[in-house]
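S.K.: My questions will all concern the structure given below.
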Amino acid sequence: MTRRGVAVAAACAALFATAGLMAAATATPDHVRTITITVHFSRFDLASLQVARGETVRFVVSNQDPIDHELLVGDVETQEVHESGTEARHGTRPGEVSVPAGATVVTTFTFPDELDPGWEFACHLPGHYDYGMRGPITLG
C-alpha cells in the first residue's frame, strides 16, 4: 500500500472511531428508563409510577392542552414548596420542568434508594394540583 493509501486508511479509521465515540456519548444509557406522559384536559395520562431503588427515569412530557402545565417530581417537602411557591418556570433542576401549551419537553431524574411516603409527580400551576394533576411514586 502506498503512503497515501495508508494515510487515507488511517484518517478513515480515526473518523469512524470518533463517530462511534460521539454516538456512544449522546445515546441514552441502557439503565435509563423512558416514560412518556401525555397531558390532556389538565390530566396526566399516568396515574401512578413505580420505580426501582436508585433508578434513573427520563420523562418525556407532551402537553396537548392549550394552556401551560409543569411536571415536578419529588417528596412531600418538594411538593409543598412548589404548591406555595412562585416559580413561574422550571427546567434547570432534574425532575422539574415547565411544559408550554402544545409542547413536548424532557427531564431526567434519579430516584434515591429509599422513598418516604408522599413522593409524587405533580403540576402546581394555580388550581392544577387541587384539580388532580398528580400521581403517587412508590418503590417497586
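Identifiers in this document derive from the order of the C-alpha cells: chains are assigned A, B, ..., residues are numbered from 1 separately in each chain, and ligands are numbered from 1 in order of occurrence.
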Need the shell around range 28-43 of chain A: protein/DNA/RNA residues with any atom at most 8 Å away, counting only C-alpha atoms. Skip same-chain ones fewer than 5 positions apart. Format as a ChimeraX atom specification?

M.R.: /A:55-65,69,128,132-133

S.K.: Next, dump the selected residues to file, keeping only N, CA and C atoms, as a PDB file, in the first residue's frame.

M.R.:
ATOM      1  N   GLU A  55     -33.156   4.218  40.602  1.00  0.00           N
ATOM      2  CA  GLU A  55     -33.438   4.204  39.159  1.00  0.00           C
ATOM      3  C   GLU A  55     -33.419   5.613  38.561  1.00  0.00           C
ATOM      4  N   THR A  56     -32.906   5.708  37.347  1.00  0.00           N
ATOM      5  CA  THR A  56     -32.943   6.948  36.597  1.00  0.00           C
ATOM      6  C   THR A  56     -34.058   6.843  35.562  1.00  0.00           C
ATOM      7  N   VAL A  57     -34.939   7.855  35.565  1.00  0.00           N
ATOM      8  CA  VAL A  57     -36.079   7.871  34.649  1.00  0.00           C
ATOM      9  C   VAL A  57     -36.002   9.133  33.796  1.00  0.00           C
ATOM     10  N   ARG A  58     -36.166   8.956  32.528  1.00  0.00           N
ATOM     11  CA  ARG A  58     -36.246  10.064  31.564  1.00  0.00           C
ATOM     12  C   ARG A  58     -37.730  10.268  31.275  1.00  0.00           C
ATOM     13  N   PHE A  59     -38.260  11.429  31.675  1.00  0.00           N
ATOM     14  CA  PHE A  59     -39.664  11.761  31.460  1.00  0.00           C
ATOM     15  C   PHE A  59     -39.791  12.576  30.168  1.00  0.00           C
ATOM     16  N   VAL A  60     -40.610  12.104  29.247  1.00  0.00           N
ATOM     17  CA  VAL A  60     -40.930  12.838  28.027  1.00  0.00           C
ATOM     18  C   VAL A  60     -42.389  13.269  28.191  1.00  0.00           C
ATOM     19  N   VAL A  61     -42.611  14.567  28.369  1.00  0.00           N
ATOM     20  CA  VAL A  61     -43.937  15.090  28.697  1.00  0.00           C
ATOM     21  C   VAL A  61     -44.486  15.876  27.512  1.00  0.00           C
ATOM     22  N   SER A  62     -45.635  15.424  27.016  1.00  0.00           N
ATOM     23  CA  SER A  62     -46.286  16.065  25.876  1.00  0.00           C
ATOM     24  C   SER A  62     -47.573  16.741  26.349  1.00  0.00           C
ATOM     25  N   ASN A  63     -47.623  18.051  26.202  1.00  0.00           N
ATOM     26  CA  ASN A  63     -48.785  18.835  26.638  1.00  0.00           C
ATOM     27  C   ASN A  63     -49.706  19.054  25.438  1.00  0.00           C
ATOM     28  N   GLN A  64     -50.847  18.406  25.448  1.00  0.00           N
ATOM     29  CA  GLN A  64     -51.808  18.524  24.348  1.00  0.00           C
ATOM     30  C   GLN A  64     -52.875  19.571  24.640  1.00  0.00           C
ATOM     31  N   ASP A  65     -52.729  20.277  25.737  1.00  0.00           N
ATOM     32  CA  ASP A  65     -53.701  21.302  26.128  1.00  0.00           C
ATOM     33  C   ASP A  65     -53.317  22.670  25.560  1.00  0.00           C
ATOM     34  N   HIS A  69     -48.537  23.733  31.531  1.00  0.00           N
ATOM     35  CA  HIS A  69     -48.507  22.834  32.683  1.00  0.00           C
ATOM     36  C   HIS A  69     -47.059  22.702  33.132  1.00  0.00           C
ATOM     37  N   HIS A 128     -54.159  23.513  39.585  1.00  0.00           N
ATOM     38  CA  HIS A 128     -53.956  22.245  38.889  1.00  0.00           C
ATOM     39  C   HIS A 128     -53.788  21.066  39.844  1.00  0.00           C
ATOM     40  N   GLY A 132     -56.350  17.653  40.480  1.00  0.00           N
ATOM     41  CA  GLY A 132     -55.963  16.244  40.380  1.00  0.00           C
ATOM     42  C   GLY A 132     -54.758  15.965  39.516  1.00  0.00           C
ATOM     43  N   MET A 133     -54.007  16.993  39.170  1.00  0.00           N
ATOM     44  CA  MET A 133     -52.811  16.773  38.355  1.00  0.00           C
ATOM     45  C   MET A 133     -51.656  16.307  39.225  1.00  0.00           C
TER      46      MET A 133
END

S.K.: Which one is closest to Gly118 in chain A: A:Leu71, A:Leu49, A:Ala101, A:Ile137? Count only C-alpha atoms.

M.R.: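 Distance minimum relative to Gly118 in chain A lands on A:Ile137.
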
S.K.: To one decimal place in Å, what is the distance between CA of Val51 in chain A and CA of Trp119 in chain A?

M.R.: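 So the two atoms, CA of Val51 in chain A and CA of Trp119 in chain A, lie 11.0 Å apart.
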
S.K.: Check the smallest atom-to-atom distance from each of A:Arg53, A:Phe44, A:Gly95, A:Thr138 to Gly74 in chain A using only C-alpha atoms, then report the winner.

M.R.: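 Nearest candidate to Gly74 in chain A out of A:Arg53, A:Phe44, A:Gly95, A:Thr138: A:Gly95.
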
S.K.: Select, from A:Val99, A:Ala52, A:Leu46, A:Val76, the residue with the minimum atom-to-atom distance to Pro112 in chain A, counting only C-alpha atoms.

M.R.: A:Ala52

S.K.: Looking at A:Gly54, A:Pro66, A:Ser98, A:Gly127, which one is nearest to Thr110 in chain A, with distances taken over only C-alpha atoms?

M.R.: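 That would be A:Gly54, the residue with the smallest distance to Thr110 in chain A.
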
S.K.: Could you list, as an MDAnalysis selection string, every residue within 12 Å of Ala88 in chain A, counting only C-alpha atoms and ignoring same-chain residues fewer than 4 positions away?

M.R.: chainID A and resid 68:70 82:84 96:100 123:126

S.K.: Generate the output file for the selected residues, C-alpha atoms, as a compact mmCIF listing (two decimals), in the first residue's frame.

M.R.:
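What ended up in part.txt:
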# COMPACT_ATOMS: atom_id res chain seq x y z
CA ASP A 68 -49.26 25.58 30.18
CA HIS A 69 -48.51 22.83 32.68
CA GLU A 70 -45.47 21.54 34.56
CA HIS A 82 -43.95 24.28 44.80
CA GLU A 83 -47.61 24.40 45.79
CA SER A 84 -46.98 27.55 47.82
CA GLU A 96 -38.71 19.88 37.39
CA VAL A 97 -39.88 21.11 34.01
CA SER A 98 -42.35 23.61 32.55
CA VAL A 99 -44.45 22.29 29.69
CA PRO A 100 -45.81 25.07 27.46
CA CYS A 123 -48.38 20.14 38.37
CA HIS A 124 -48.54 23.10 40.74
CA LEU A 125 -49.77 25.85 38.48
CA PRO A 126 -52.70 27.62 40.20

S.K.: Could you work out how far CA of Ser48 in chain A lies from CA of Asp116 in chain A, giving the answer in Å with one decimal?

M.R.: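 Interatomic distance, CA of Asp116 in chain A to CA of Ser48 in chain A: 15.4 Å.
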
S.K.: Step one, run DSSP on the backbone; step two, keep only residues of range 66-126 of chain A assigned to strand (DSSP E or B); then write them as a CSV table (one decimal) with N, CA and C atoms, in the first residue's frame.

M.R.:
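Produced file part.csv, reproduced below:
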chain,number,residue,atom,x,y,z
A,69,HIS,N,-48.5,23.7,31.5
A,69,HIS,CA,-48.5,22.8,32.7
A,69,HIS,C,-47.1,22.7,33.1
A,70,GLU,N,-46.8,21.8,34.1
A,70,GLU,CA,-45.5,21.5,34.6
A,70,GLU,C,-45.5,20.1,35.1
A,71,LEU,N,-44.3,19.5,35.2
A,71,LEU,CA,-44.1,18.3,35.9
A,71,LEU,C,-43.0,18.4,36.9
A,72,LEU,N,-43.4,18.2,38.1
A,72,LEU,CA,-42.5,18.3,39.3
A,72,LEU,C,-42.4,17.0,40.0
A,73,VAL,N,-41.3,16.4,40.1
A,73,VAL,CA,-41.1,15.1,40.8
A,73,VAL,C,-40.4,15.4,42.1
A,74,GLY,N,-41.0,14.8,43.2
A,74,GLY,CA,-40.3,15.0,44.5
A,74,GLY,C,-41.1,14.5,45.7
A,96,GLU,N,-37.9,18.7,37.3
A,96,GLU,CA,-38.7,19.9,37.4
A,96,GLU,C,-38.7,20.5,36.0
A,97,VAL,N,-39.9,20.6,35.4
A,97,VAL,CA,-39.9,21.1,34.0
A,97,VAL,C,-41.2,21.8,33.7
A,98,SER,N,-41.2,22.9,33.1
A,98,SER,CA,-42.4,23.6,32.6
A,98,SER,C,-42.7,23.0,31.2
A,99,VAL,N,-44.0,22.9,30.9
A,99,VAL,CA,-44.5,22.3,29.7
A,99,VAL,C,-45.4,23.3,29.0
A,104,THR,N,-43.6,19.5,23.8
A,104,THR,CA,-43.1,18.3,24.4
A,104,THR,C,-41.7,18.6,25.0
A,105,VAL,N,-41.5,18.3,26.3
A,105,VAL,CA,-40.3,18.6,26.9
A,105,VAL,C,-39.7,17.3,27.6
A,106,VAL,N,-38.5,17.3,28.0
A,106,VAL,CA,-37.8,16.2,28.6
A,106,VAL,C,-37.1,16.6,29.9
A,107,THR,N,-37.2,15.8,30.9
A,107,THR,CA,-36.4,15.9,32.1
A,107,THR,C,-36.0,14.5,32.6
A,108,THR,N,-34.9,14.5,33.2
A,108,THR,CA,-34.4,13.2,33.8
A,108,THR,C,-34.2,13.3,35.3
A,109,PHE,N,-34.5,12.3,36.0
A,109,PHE,CA,-34.5,12.3,37.4
A,109,PHE,C,-34.0,10.9,37.9
A,110,THR,N,-33.0,11.0,38.9
A,110,THR,CA,-32.5,9.7,39.5
A,110,THR,C,-33.1,9.7,40.9
A,120,GLU,N,-44.4,12.2,44.8
A,120,GLU,CA,-45.4,12.4,43.7
A,120,GLU,C,-44.7,13.0,42.5
A,121,PHE,N,-45.5,12.9,41.4
A,121,PHE,CA,-45.2,13.8,40.2
A,121,PHE,C,-46.5,14.7,40.2
A,122,ALA,N,-46.3,15.9,39.9
A,122,ALA,CA,-47.5,16.8,40.0
A,122,ALA,C,-47.3,18.1,39.2

S.K.: CA of Ala103 in chain A and CA of Glu80 in chain A are how many Å apart?

M.R.: 25.8 Å

S.K.: Which residue out of A:Asp75, A:Gln50, A:Phe111, A:Arg134 has the minimum interatomic distance to Pro94 in chain A when only C-alpha atoms are used?

M.R.: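 Ranking A:Asp75, A:Gln50, A:Phe111, A:Arg134 by distance to Pro94 in chain A, first place goes to A:Phe111.
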